[in-house]
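Engineer: File query24.txt follows (compact mmCIF, C-alpha atoms (C1' of nucleotides)):
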# COMPACT_ATOMS: atom_id res chain seq x y z
CA MET A 251 27.70 -30.18 21.20
CA ARG A 252 29.19 -27.26 23.04
CA THR A 253 28.96 -28.69 26.53
CA HIS A 254 30.91 -31.69 25.33
CA ASN A 255 33.70 -29.47 24.15
CA LYS A 256 33.68 -27.62 27.44
CA LEU A 257 34.08 -30.83 29.37
CA ALA A 258 36.84 -31.93 27.01
CA THR A 259 38.90 -28.78 27.49
CA ARG A 260 38.27 -28.86 31.22
CA GLU A 261 39.63 -32.35 31.39
CA ALA A 262 42.52 -31.46 29.11
CA ILE A 263 43.51 -28.63 31.38
CA SER A 264 43.22 -30.58 34.60
CA THR A 265 45.06 -33.56 33.15
CA ALA A 266 47.86 -31.37 31.89
CA ALA A 267 48.06 -29.60 35.24
CA LEU A 268 48.35 -32.86 37.14
CA ARG A 269 50.90 -34.24 34.73
CA LEU A 270 53.11 -31.19 35.01
CA ALA A 271 52.79 -31.19 38.78
CA VAL A 272 53.89 -34.81 38.88
CA GLU A 273 56.87 -34.02 36.69
CA LYS A 274 58.07 -31.22 38.94
CA GLY A 275 57.53 -33.29 42.06
CA PRO A 276 55.97 -32.36 45.38
CA GLY A 277 58.59 -29.77 46.16
CA GLY A 278 58.47 -27.84 42.96
CA LEU A 279 54.84 -27.00 42.68
CA ALA A 280 55.74 -23.34 42.55
CA LEU A 281 57.60 -24.10 39.33
CA VAL A 282 54.44 -25.20 37.56
CA ARG A 283 53.54 -21.98 35.80
CA VAL A 284 50.13 -21.20 34.51
CA ARG A 285 51.41 -20.68 31.01
CA ASP A 286 52.93 -24.16 31.04
CA ILE A 287 49.61 -25.71 31.98
CA ALA A 288 47.79 -23.70 29.35
CA GLU A 289 50.34 -24.51 26.71
CA ALA A 290 50.27 -28.22 27.53
CA ALA A 291 46.50 -28.18 27.28
CA GLY A 292 46.53 -26.23 24.04
CA VAL A 293 44.66 -23.20 25.29
CA SER A 294 45.54 -19.66 26.21
CA PRO A 295 46.42 -18.80 29.80
CA ARG A 296 43.33 -16.67 29.98
CA THR A 297 41.15 -19.61 28.99
CA TYR A 298 42.71 -21.77 31.65
CA ASN A 299 41.55 -19.18 34.11
CA ASN A 300 38.01 -19.37 32.78
CA TYR A 301 37.88 -22.98 33.92
CA PHE A 302 39.89 -22.90 37.13
CA SER A 303 40.63 -20.09 39.50
CA SER A 304 43.85 -21.55 40.81
CA ARG A 305 46.49 -24.06 39.84
CA GLU A 306 45.64 -26.17 42.86
CA GLU A 307 42.04 -26.44 41.76
CA ALA A 308 43.05 -27.59 38.29
CA ILE A 309 45.49 -30.16 39.64
CA CYS A 310 42.97 -31.69 42.02
CA ALA A 311 40.01 -31.57 39.63
CA VAL A 312 40.39 -35.20 38.62
CA GLU A 313 40.10 -36.46 42.18
CA SER A 314 37.38 -33.98 42.93
CA ASP A 315 35.29 -35.19 40.02
CA ARG A 316 35.73 -38.80 40.99
CA ALA A 317 34.68 -38.10 44.57
CA ARG A 318 31.58 -36.30 43.38
CA ARG A 319 30.34 -39.47 41.71
CA LEU A 320 30.53 -41.63 44.82
CA GLY A 321 26.98 -40.77 45.84
CA GLN A 322 25.76 -41.92 42.46
CA ALA A 323 27.50 -45.24 43.00
CA LEU A 324 25.62 -45.73 46.23
CA LEU A 325 22.30 -44.91 44.61
CA SER A 326 22.86 -47.63 42.03
CA ARG A 327 23.14 -50.34 44.69
CA PRO A 328 20.08 -52.56 45.22
CA THR A 329 17.84 -51.09 47.86
CA ALA A 330 17.40 -54.44 49.54
CA GLU A 331 21.05 -54.41 50.59
CA PRO A 332 21.76 -53.28 54.18
CA LEU A 333 23.14 -49.77 54.32
CA GLY A 334 26.59 -50.67 55.53
CA GLN A 335 27.09 -53.33 52.91
CA ALA A 336 25.77 -51.06 50.20
CA ILE A 337 28.18 -48.30 51.14
CA ALA A 338 31.15 -50.64 51.31
CA ALA A 339 30.27 -52.22 47.99
CA ALA A 340 29.69 -48.87 46.32
CA ALA A 341 32.92 -47.37 47.59
CA ILE A 342 35.03 -50.40 46.77
CA GLU A 343 33.53 -50.64 43.34
CA HIS A 344 33.91 -46.91 42.76
CA TYR A 345 37.52 -46.67 43.90
CA GLY A 346 38.63 -50.25 43.42
CA THR A 347 37.86 -50.83 39.79
CA ALA A 348 40.11 -48.58 37.80
CA GLU A 349 42.55 -48.31 40.68
CA PRO A 350 43.46 -44.66 41.27
CA ASP A 351 46.51 -43.30 39.53
CA LYS A 352 49.04 -43.91 42.29
CA VAL A 353 51.51 -41.29 41.12
CA GLY A 354 48.99 -38.53 40.72
CA LEU A 355 47.27 -39.34 43.98
CA ARG A 356 50.57 -39.39 45.83
CA MET A 357 51.43 -36.04 44.33
CA ILE A 358 48.16 -34.54 45.49
CA MET A 359 48.26 -35.96 48.98
CA SER A 360 51.92 -35.38 49.75
CA THR A 361 52.25 -31.81 48.55
CA SER A 362 51.64 -29.45 51.42
CA ALA A 363 50.64 -26.62 49.13
CA LEU A 364 47.87 -28.87 47.82
CA GLU A 365 46.66 -29.95 51.23
CA GLY A 366 43.64 -27.72 51.37
CA GLU A 367 42.58 -28.45 47.84
CA ALA A 368 43.04 -32.17 48.34
CA LEU A 369 40.80 -32.06 51.38
CA LYS A 370 38.24 -30.16 49.35
CA ALA A 371 38.43 -32.87 46.73
CA PHE A 372 37.71 -35.69 49.18
CA THR A 373 35.06 -33.66 50.93
CA THR A 374 33.28 -33.11 47.64
CA ALA A 375 31.96 -36.64 48.01
CA GLU A 376 30.12 -35.82 51.19
CA GLU A 377 27.17 -33.82 49.91
CA PRO A 378 25.90 -36.26 47.27
CA LEU A 379 26.77 -39.14 49.56
CA ALA A 380 24.73 -37.69 52.40
CA ALA A 381 21.85 -37.10 50.02
CA ALA A 382 22.03 -40.69 48.84
CA ILE A 383 22.12 -42.03 52.39
CA ALA A 384 19.21 -39.84 53.42
CA GLU A 385 17.18 -41.05 50.47
CA ARG A 386 18.04 -44.64 51.26
CA ILE A 387 16.97 -44.54 54.89
CA GLY A 388 14.28 -41.97 54.30
CA THR A 389 15.11 -39.31 56.86
CA ASP A 390 15.04 -35.55 56.75
CA PRO A 391 18.63 -34.29 56.64
CA ALA A 392 17.48 -31.02 58.16
CA HIS A 393 16.99 -32.65 61.55
CA ASP A 394 18.78 -35.97 61.41
CA LEU A 395 22.54 -35.55 61.37
CA PHE A 396 23.18 -39.19 60.59
CA PRO A 397 23.49 -38.91 56.79
CA GLN A 398 25.96 -36.06 56.91
CA VAL A 399 27.98 -37.51 59.77
CA MET A 400 28.13 -40.88 58.07
CA ALA A 401 29.09 -39.30 54.75
CA ALA A 402 31.88 -37.38 56.46
CA ALA A 403 33.08 -40.53 58.17
CA ILE A 404 33.13 -42.40 54.87
CA ALA A 405 34.99 -39.65 53.08
CA GLY A 406 37.46 -39.59 55.95
CA ALA A 407 37.93 -43.34 55.75
CA VAL A 408 38.60 -43.11 52.03
CA ARG A 409 41.19 -40.44 52.67
CA VAL A 410 42.90 -42.38 55.44
CA ALA A 411 42.88 -45.52 53.33
CA ALA A 412 44.43 -43.67 50.42
CA ARG A 413 47.16 -42.25 52.63
CA HIS A 414 47.94 -45.67 54.06
CA TRP A 415 47.87 -47.30 50.65
CA LEU A 416 50.31 -44.72 49.28
CA ASN A 417 52.76 -44.58 52.14
CA ARG A 418 53.47 -48.25 52.68
CA ASP A 419 54.51 -49.81 49.43
CA ASN A 420 52.54 -52.88 50.28
CA THR A 421 51.07 -55.32 47.87
CA GLU A 422 47.54 -54.87 49.08
CA SER A 423 45.09 -53.55 46.54
CA PHE A 424 43.45 -50.25 47.32
CA ALA A 425 40.11 -52.01 47.54
CA THR A 426 41.40 -54.19 50.37
CA VAL A 427 42.74 -51.30 52.38
CA LEU A 428 39.59 -49.31 51.77
CA GLY A 429 37.47 -52.19 52.96
CA ARG A 430 39.41 -52.44 56.21
CA ALA A 431 39.15 -48.71 56.80
CA LEU A 432 35.43 -48.57 56.11
CA ALA A 433 34.73 -51.45 58.46
CA HIS A 434 35.66 -49.19 61.35
CA VAL A 435 32.91 -46.69 60.72
CA LEU A 436 30.14 -48.46 58.84
CA PRO A 437 26.99 -49.27 60.80
CA SER A 438 26.23 -52.84 61.87
CA ALA A 439 29.68 -53.96 60.85
CA ASP A 440 31.60 -53.36 64.04
CA PRO A 441 34.38 -55.95 64.15
CA SER A 442 36.30 -56.35 67.36
CA ASP A 443 39.22 -54.39 66.04
CA SER A 444 42.93 -54.29 66.75
CA MET B 82 60.63 -14.44 76.77
CA ARG B 83 60.93 -14.43 73.03
CA THR B 84 58.64 -17.34 72.27
CA HIS B 85 55.94 -15.64 74.29
CA ASN B 86 56.19 -12.52 72.16
CA LYS B 87 56.07 -14.61 69.02
CA LEU B 88 52.88 -16.29 70.13
CA ALA B 89 51.41 -12.94 71.10
CA THR B 90 52.02 -11.34 67.73
CA ARG B 91 50.83 -14.47 65.98
CA GLU B 92 47.59 -14.32 67.88
CA ALA B 93 47.31 -10.59 67.32
CA ILE B 94 47.62 -11.08 63.58
CA SER B 95 45.18 -13.96 63.34
CA THR B 96 42.66 -12.22 65.56
CA ALA B 97 42.88 -9.05 63.52
CA ALA B 98 42.55 -11.03 60.31
CA LEU B 99 39.43 -12.81 61.51
CA ARG B 100 37.90 -9.60 62.80
CA LEU B 101 38.43 -7.80 59.51
CA ALA B 102 37.08 -10.74 57.57
CA VAL B 103 33.94 -10.74 59.70
CA GLU B 104 33.51 -7.02 59.12
CA LYS B 105 33.69 -7.37 55.37
CA GLY B 106 31.38 -10.37 55.37
CA PRO B 107 31.61 -13.65 53.50
CA GLY B 108 31.34 -12.02 50.11
CA GLY B 109 34.01 -9.40 50.52
CA LEU B 110 36.97 -11.47 51.55
CA ALA B 111 38.88 -10.15 48.57
CA LEU B 112 38.55 -6.71 50.13
CA VAL B 113 40.53 -7.70 53.20
CA ARG B 114 43.93 -6.46 52.19
CA VAL B 115 47.12 -7.64 53.74
CA ARG B 116 48.11 -4.16 54.75
CA ASP B 117 44.81 -3.79 56.64
CA ILE B 118 45.49 -6.95 58.62
CA ALA B 119 49.05 -5.89 59.35
CA GLU B 120 48.00 -2.41 60.36
CA ALA B 121 45.24 -3.72 62.62
CA ALA B 122 47.75 -6.03 64.28
CA GLY B 123 50.34 -3.30 64.65
CA VAL B 124 53.01 -4.92 62.52
CA SER B 125 54.44 -4.38 59.09
CA PRO B 126 52.95 -6.24 56.12
CA ARG B 127 56.22 -8.06 55.71
CA THR B 128 56.06 -9.29 59.29
CA TYR B 129 52.56 -10.57 58.77
CA ASN B 130 54.00 -12.67 56.00
CA ASN B 131 56.64 -14.09 58.30
CA TYR B 132 53.86 -15.65 60.37
CA PHE B 133 51.33 -16.63 57.73
CA SER B 134 51.76 -17.33 54.07
CA SER B 135 48.23 -16.44 53.10
CA ARG B 136 45.31 -14.43 54.37
CA GLU B 137 43.23 -17.57 54.60
CA GLU B 138 45.75 -19.21 56.88
CA ALA B 139 45.76 -16.22 59.19
CA ILE B 140 41.99 -16.03 59.34
CA CYS B 141 41.57 -19.72 60.18
CA ALA B 142 44.49 -19.93 62.60
CA VAL B 143 42.26 -19.58 65.65
CA GLU B 144 40.15 -22.58 64.73
CA SER B 145 43.18 -24.49 63.62
CA ASP B 146 44.88 -23.99 66.97
CA ARG B 147 41.82 -25.04 68.87
CA ALA B 148 41.46 -28.21 66.82
CA ARG B 149 45.09 -29.10 67.42
CA ARG B 150 44.44 -29.28 71.16
CA LEU B 151 41.61 -31.79 70.94
CA GLY B 152 43.98 -34.73 71.19
CA GLN B 153 45.36 -33.30 74.40
CA ALA B 154 41.85 -33.12 75.81
CA LEU B 155 41.37 -36.80 75.14
CA LEU B 156 44.65 -37.69 76.79
CA SER B 157 43.55 -35.94 79.97
CA ARG B 158 40.47 -38.16 80.36
CA PRO B 159 40.70 -40.97 82.93
CA THR B 160 42.00 -44.12 81.31
CA ALA B 161 39.35 -46.22 83.00
CA GLU B 162 36.66 -44.55 80.88
CA PRO B 163 35.51 -46.49 77.81
CA LEU B 164 36.93 -45.04 74.60
CA GLY B 165 33.65 -43.78 73.19
CA GLN B 166 32.66 -42.03 76.37
CA ALA B 167 36.10 -40.54 76.76
CA ILE B 168 36.05 -39.13 73.26
CA ALA B 169 32.58 -37.69 73.64
CA ALA B 170 33.43 -36.13 76.98
CA ALA B 171 36.70 -34.72 75.71
CA ALA B 172 35.16 -33.23 72.59
CA ILE B 173 32.16 -31.77 74.38
CA GLU B 174 34.34 -30.31 77.06
CA HIS B 175 36.83 -28.98 74.53
CA TYR B 176 34.27 -27.37 72.26
CA GLY B 177 31.38 -26.92 74.67
CA THR B 178 32.96 -24.90 77.42
CA ALA B 179 33.86 -21.55 75.95
CA GLU B 180 31.35 -21.98 73.15
CA PRO B 181 32.98 -21.17 69.80
CA ASP B 182 32.68 -17.64 68.52
CA LYS B 183 29.57 -18.07 66.43
CA VAL B 184 30.23 -15.10 64.15
CA GLY B 185 33.80 -16.01 63.40
CA LEU B 186 33.01 -19.65 62.88
CA ARG B 187 30.14 -18.82 60.56
CA MET B 188 32.44 -16.55 58.60
CA ILE B 189 35.00 -19.29 58.20
CA MET B 190 32.57 -22.02 57.28
CA SER B 191 30.34 -20.04 54.94
CA THR B 192 33.01 -18.33 52.86
CA SER B 193 33.78 -20.41 49.82
CA ALA B 194 37.22 -18.89 49.42
CA LEU B 195 38.00 -20.18 52.92
CA GLU B 196 36.65 -23.66 52.31
CA GLY B 197 39.98 -25.36 51.85
CA GLU B 198 41.61 -23.64 54.77
CA ALA B 199 38.61 -24.35 57.00
CA LEU B 200 38.87 -28.04 56.17
CA LYS B 201 42.56 -27.91 56.95
CA ALA B 202 41.70 -26.37 60.30
CA PHE B 203 39.29 -29.13 61.28
CA THR B 204 41.57 -31.80 59.90
CA THR B 205 44.40 -30.49 62.07
CA ALA B 206 42.72 -32.27 64.96
CA GLU B 207 43.13 -35.65 63.37
CA GLU B 208 46.80 -36.33 63.84
CA PRO B 209 47.06 -35.69 67.58
CA LEU B 210 43.67 -37.29 68.05
CA ALA B 211 44.73 -40.43 66.25
CA ALA B 212 47.90 -40.54 68.33
CA ALA B 213 45.89 -40.19 71.52
CA ILE B 214 43.49 -42.95 70.48
CA ALA B 215 46.34 -45.24 69.53
CA GLU B 216 48.01 -44.66 72.86
CA ARG B 217 44.76 -45.30 74.68
CA ILE B 218 44.00 -48.63 73.03
CA GLY B 219 47.64 -49.56 72.59
CA THR B 220 47.84 -50.37 68.91
CA ASP B 221 50.44 -49.68 66.28
CA PRO B 222 49.08 -46.98 63.95
CA ALA B 223 51.36 -48.27 61.20
CA HIS B 224 49.20 -51.34 60.72
CA ASP B 225 45.91 -50.64 62.46
CA LEU B 226 43.88 -48.02 60.65
CA PHE B 227 41.37 -47.69 63.46
CA PRO B 228 42.91 -44.67 65.22
CA GLN B 229 43.21 -42.61 62.09
CA VAL B 230 39.82 -43.60 60.73
CA MET B 231 38.17 -42.87 64.05
CA ALA B 232 39.98 -39.54 64.34
CA ALA B 233 38.82 -38.58 60.87
CA ALA B 234 35.27 -39.58 61.71
CA ILE B 235 35.34 -37.49 64.87
CA ALA B 236 36.75 -34.47 63.10
CA GLY B 237 34.07 -34.89 60.47
CA ALA B 238 31.37 -35.11 63.10
CA VAL B 239 32.63 -31.92 64.72
CA ARG B 240 32.52 -30.19 61.35
CA VAL B 241 29.02 -31.42 60.54
CA ALA B 242 27.82 -30.46 63.99
CA ALA B 243 29.26 -26.98 63.63
CA ARG B 244 27.59 -26.52 60.26
CA HIS B 245 24.27 -27.65 61.64
CA TRP B 246 24.61 -25.50 64.73
CA LEU B 247 25.37 -22.45 62.62
CA ASN B 248 22.77 -22.85 59.94
CA ARG B 249 19.66 -23.45 61.99
CA ASP B 250 19.30 -20.67 64.51
CA ASN B 251 18.13 -23.14 67.09
CA THR B 252 18.41 -22.80 70.78
CA GLU B 253 20.45 -25.95 71.23
CA SER B 254 23.88 -25.49 72.68
CA PHE B 255 26.77 -26.56 70.53
CA ALA B 256 27.61 -29.24 73.05
CA THR B 257 24.20 -30.83 72.55
CA VAL B 258 24.46 -30.89 68.78
CA LEU B 259 27.99 -32.19 68.96
CA GLY B 260 26.94 -34.98 71.27
CA ARG B 261 24.23 -36.09 68.86
CA ALA B 262 26.63 -36.01 65.91
CA LEU B 263 29.31 -37.96 67.72
CA ALA B 264 26.87 -40.66 68.80
CA HIS B 265 26.60 -41.73 65.18
CA VAL B 266 30.25 -42.65 64.85
CA LEU B 267 31.58 -43.44 68.30
CA PRO B 268 32.21 -47.10 69.10
CA SER B 269 29.91 -49.03 71.42
CA ALA B 270 27.38 -46.23 71.33
CA ASP B 271 25.38 -47.23 68.31
CA PRO B 272 21.84 -46.00 68.88
CA SER B 273 19.15 -47.31 66.57
CA ASP B 274 19.12 -44.10 64.63
CA SER B 275 16.50 -42.33 62.58
C1' DG C 34 79.53 -4.74 78.84
C1' DC C 35 79.86 -7.25 74.46
C1' DA C 36 79.42 -10.22 70.81
C1' DC C 37 75.57 -12.84 68.91
C1' DT C 38 71.34 -14.35 67.31
C1' DA C 39 66.55 -13.92 66.57
C1' DT C 40 63.11 -10.92 64.95
C1' DA C 41 61.07 -6.83 62.38
C1' DT C 42 61.10 -4.15 58.42
C1' DG C 43 61.83 -2.04 53.47
C1' DC C 44 62.42 -2.92 48.90
C1' DG C 45 62.28 -5.25 44.61
C1' DT C 46 60.69 -9.20 41.75
C1' DG C 47 57.90 -12.51 39.46
C1' DC C 48 53.54 -14.38 39.19
C1' DC C 49 48.70 -14.75 39.46
C1' DA C 50 43.59 -13.98 39.29
C1' DC C 51 40.37 -11.38 37.01
C1' DG C 52 37.69 -7.39 34.69
C1' DC C 53 37.06 -5.73 30.14
C1' DA C 54 36.53 -5.67 25.35
C1' DA C 55 37.45 -7.55 20.82
C1' DG C 56 37.79 -11.56 17.83
C1' DT C 57 36.13 -16.22 16.47
C1' DT C 58 33.20 -20.03 15.97
C1' DG C 59 29.17 -22.68 16.25
C1' DT C 60 23.78 -22.28 16.23
C1' DG C 61 19.12 -21.53 15.10
C1' DA C 62 15.37 -18.71 12.78
C1' DG C 63 13.48 -16.94 8.70
C1' DC D 96 21.19 -20.25 2.35
C1' DT D 97 22.00 -16.32 4.99
C1' DC D 98 22.12 -13.60 8.73
C1' DA D 99 21.82 -12.26 13.42
C1' DC D 100 22.98 -14.02 17.87
C1' DA D 101 25.07 -16.38 21.62
C1' DA D 102 28.88 -18.97 23.55
C1' DC D 103 33.59 -19.39 23.89
C1' DT D 104 38.33 -17.88 23.37
C1' DT D 105 41.92 -14.67 23.63
C1' DG D 106 44.93 -10.33 24.56
C1' DC D 107 45.72 -6.68 27.50
C1' DG D 108 45.99 -4.09 31.63
C1' DT D 109 45.51 -3.78 36.69
C1' DG D 110 45.86 -4.59 41.48
C1' DG D 111 47.65 -7.50 44.75
C1' DC D 112 50.31 -11.04 46.91
C1' DA D 113 54.02 -14.20 48.49
C1' DC D 114 58.69 -14.22 49.18
C1' DG D 115 63.99 -13.59 48.71
C1' DC D 116 67.41 -10.53 50.23
C1' DA D 117 69.69 -7.09 52.81
C1' DT D 118 69.45 -4.11 56.81
C1' DA D 119 68.15 -2.26 61.26
C1' DT D 120 66.86 -3.37 65.91
C1' DA D 121 66.19 -5.64 70.12
C1' DG D 122 66.67 -9.20 73.43
C1' DT D 123 70.12 -12.97 75.30
C1' DG D 124 74.00 -15.49 77.17
C1' DC D 125 78.92 -15.32 78.43
Output the file's structure in the form of structure tokens.
Structural biologist:
Amino acid sequence: MRTHNKLATREAISTAALRLAVEKGPGGLALVRVRDIAEAAGVSPRTYNNYFSSREEAICAVESDRARRLGQALLSRPTAEPLGQAIAAAAIEHYGTAEPDKVGLRMIMSTSALEGEALKAFTTAEEPLAAAIAERIGTDPAHDLFPQVMAAAIAGAVRVAARHWLNRDNTESFATVLGRALAHVLPSADPSDS
Amino acid sequence: MRTHNKLATREAISTAALRLAVEKGPGGLALVRVRDIAEAAGVSPRTYNNYFSSREEAICAVESDRARRLGQALLSRPTAEPLGQAIAAAAIEHYGTAEPDKVGLRMIMSTSALEGEALKAFTTAEEPLAAAIAERIGTDPAHDLFPQVMAAAIAGAVRVAARHWLNRDNTESFATVLGRALAHVLPSADPSDS
DNA sequence: GCACTATATGCGTGCCACGCAAGTTGTGAG
DNA sequence: CTCACAACTTGCGTGGCACGCATATAGTGC
């Protein structure tokens, strides 16, 4: 199958890009040359550019792809579950199992040159997430802002949780931190905080 | 004063950049050359590059600067006000009075090449906002995620509200849309939605 | 008035994204 | 089985951009 091969090379390129970026460290992103990425992925530089239109995009593609699947995770929750619980469970399952690659994630989130692309990656989750929420509560996203606002809040919580989880070298699992962060924005789960 | 001149030229460059981008339209961002921006701002191309390290950054600087001041707006609210009300009032005042330049904002938010930088611009609000919230409720941001999560949710709500306000050519003021969006995430203002 | 520092500018360099066209490989119809 | 076709890869050339460095200029404090 051709599409299979396309996905394989795409992943090869993005993986190689992230690996090289990690090797050079947050400061030396400018030293990650396109030809290095292409060479590491076993393709020509021109082919790399057929898949990604910037090094940043290639480096963040892994996170971007993961975020895009969050909406799917929500859809697979039982419909009987209350919305807030379903979201929390979906997110924790999605990000908790197969804990994110700490090194790669830290690279992405601590490199200023990758800031915009990293935000794009997290924000990628919003559209499918909003669609899933809208379907779950059965509203028209054209007039009700709740699905999109909630999706943005969730994506933001995931991002904040990731930042916290990376910065303090605590022993908490990412799932734990994520759960605490989500509790602040999920509906009908408003703990008296602080 | 030297700093005053620096701010003036910075604003001149960003304004010129945004104006040219609007003229070319969302599709033709690649046609906005650096030398055009510099010429329109009355500086040399090299000087432009001393202020901004990319065209995208220059174009979005106006929105970025505005977002950065949102935290300040919250700090100037009376401390007696409940947090949710204070945030809503601060945001609506900050973005509602002097309604955002609809054309420029639409340009920024509908141009895919500007997506990352636009997200950076909105996200700029988060840090000062989180600091303001933390100061208001008196918690330590190092351990309590609430300020950062709430700040991210607010910034997301502003972004969603802006998108909605731009896309539908409705007669609602931005302040109205923003208020509706914020109501979905602000604490102790949880309307039975949908 | 003078030395000094911050800012503006010109020039040169390396790299990058992408259009274009040719080569290569897998695919489906007859 | 063969052949025509489509998808994918690759090489090459082009225009542009970010930035380091050295220089000119202008505003500042003693």
Engineer: Please indicate the distance in Å from CA of Met190 (chain B) to CA of Phe255 (chain B), rounded to one decimal place.
Structural biologist: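 Those two atoms sit 15.2 Å apart.
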Engineer: Excluding Ala154 (chain B) and its own-chain neighbours fewer than 5 positions away, which residues fall within 8 Å of it when counting all atoms listed in the file? Please give them as a ChimeraX atom specification.
Structural biologist: /B:171-172,175
Engineer: Write out as a Markdown table a residue-level contact list of chain C versus chain B with cut-off 12 Å: for each qualifying residue the closest pair of atoms and the distance in Å to one decimal, counting all atoms listed in the file, rows sorted by chain and residue number upward.
Structural biologist:
| residue | atom | partner | partner_atom | distance |
| --- | --- | --- | --- | --- |
| C:DT38 | C1' | B:Arg83 | CA | 11.9 |
| C:DA39 | C1' | B:Arg83 | CA | 8.6 |
| C:DT40 | C1' | B:Lys87 | CA | 8.9 |
| C:DA41 | C1' | B:Thr128 | CA | 6.4 |
| C:DT42 | C1' | B:Ser125 | CA | 6.7 |
| C:DG43 | C1' | B:Arg127 | CA | 8.5 |
| C:DC44 | C1' | B:Arg127 | CA | 10.5 |
| C:DA50 | C1' | B:Ala111 | CA | 11.1 |
| C:DC51 | C1' | B:Ala111 | CA | 11.7 |
Engineer: Hey, can you check how far CA of Ser360 (chain A) sits from CA of Pro276 (chain A)?
Structural biologist: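 Distance reported for this atom pair: 6.7 Å.
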Engineer: Quick one: distance from C1' of DA113 (chain D) to CA of Tyr132 (chain B) in Å, one decimal?
Structural biologist: 12.0 Å
Engineer: If we count only C-alpha atoms (C1' of nucleotides), what is near Ser145 (chain B) at a cut-off of 8 Å, once residues fewer than 5 positions away on the same chain are taken out, given as JSON, numbers by chain?
Structural biologist: {"B": [201, 202, 203, 205, 206]}
Engineer: Please identify every residue of chain B that has at least one atom no farther than 10 Å from an atom of chain D, counting all atoms listed in the file, and for each give the shortest atom pair and the distance in Å to one decimal, arranged by chain then increasing number, as CSV.
Structural biologist:
residue,atom,partner,partner_atom,distance
B:Met82,CA,D:DG122,C1',8.7
B:Arg83,CA,D:DG122,C1',7.8
B:Ala111,CA,D:DG111,C1',9.9
B:Arg114,CA,D:DG111,C1',8.4
B:Val115,CA,D:DC112,C1',8.3
B:Arg127,CA,D:DC114,C1',9.3
B:Asn130,CA,D:DA113,C1',7.7
B:Asn131,CA,D:DC114,C1',9.3
B:Phe133,CA,D:DA113,C1',9.9
B:Ser134,CA,D:DA113,C1',6.8
B:Ser135,CA,D:DA113,C1',7.7
B:Arg136,CA,D:DC112,C1',9.6
Engineer: Select all residues from chain A having any atom no more than 6 Å from an atom of chain B (counting all atoms listed in the file, ignoring ligands), output as a short mmCIF file (atom, residue, chain, number, x, y, z; two decimals) with C-alpha atoms, in the frame of the given file.
Structural biologist:
data_model
loop_
_atom_site.label_atom_id
_atom_site.label_comp_id
_atom_site.auth_asym_id
_atom_site.auth_seq_id
_atom_site.Cartn_x
_atom_site.Cartn_y
_atom_site.Cartn_z
CA GLY A 366 43.64 -27.72 51.37
CA GLU A 367 42.58 -28.45 47.84
CA LYS A 370 38.24 -30.16 49.35
CA VAL A 399 27.98 -37.51 59.77
CA ALA A 402 31.88 -37.38 56.46
CA ALA A 403 33.08 -40.53 58.17
CA GLY A 406 37.46 -39.59 55.95
CA ALA A 407 37.93 -43.34 55.75
#
Engineer: Box for region 426-438 of chain A - axis-aligned, 5 Å on each of the six sides, all listed atoms - centre and size in Å to one decimal, as JSON.
Structural biologist:
{"center_x": 34.5, "center_y": -50.4, "center_z": 56.1, "size_x": 26.5, "size_y": 17.5, "size_z": 21.5}
Engineer: Can you work out which one of A:Ile309, A:Ile342, A:Leu270, A:Leu325 has the shortest atom-to-atom distance to Leu355 (chain A), counting only C-alpha atoms?
Structural biologist: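 Once distances to Leu355 (chain A) are computed over only C-alpha atoms, the minimum belongs to A:Ile309.
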Engineer: Could you pull out every residue with an atom within 9 Å of (30.7, -12.4, 63.3), file coordinates, counting all atoms listed in the file, and send them as a PyMOL selection string?
Structural biologist: chain B and resi 99-100+102-104+106+182-188
Engineer: Taking 3 positions as the minimum chain separation for residues in the same chain, which residues sit within 8 Å of Ser264 (chain A) when counting only C-alpha atoms (C1' of nucleotides)? Answer as a list in words.
Structural biologist: Arg260, Glu261, Ala267, Leu268, Ala308, Ile309, Cys310, Ala311 and Val312 of chain A
Engineer: When you look at Leu324 (chain A) with a cut-off of 9 Å (counting all atoms listed in the file), what residues show up, excluding the ones that are within fewer than 6 positions of it in the same chain? I need them as a PyMOL selection string.
Structural biologist: chain A and resi 336-341+379+382-383
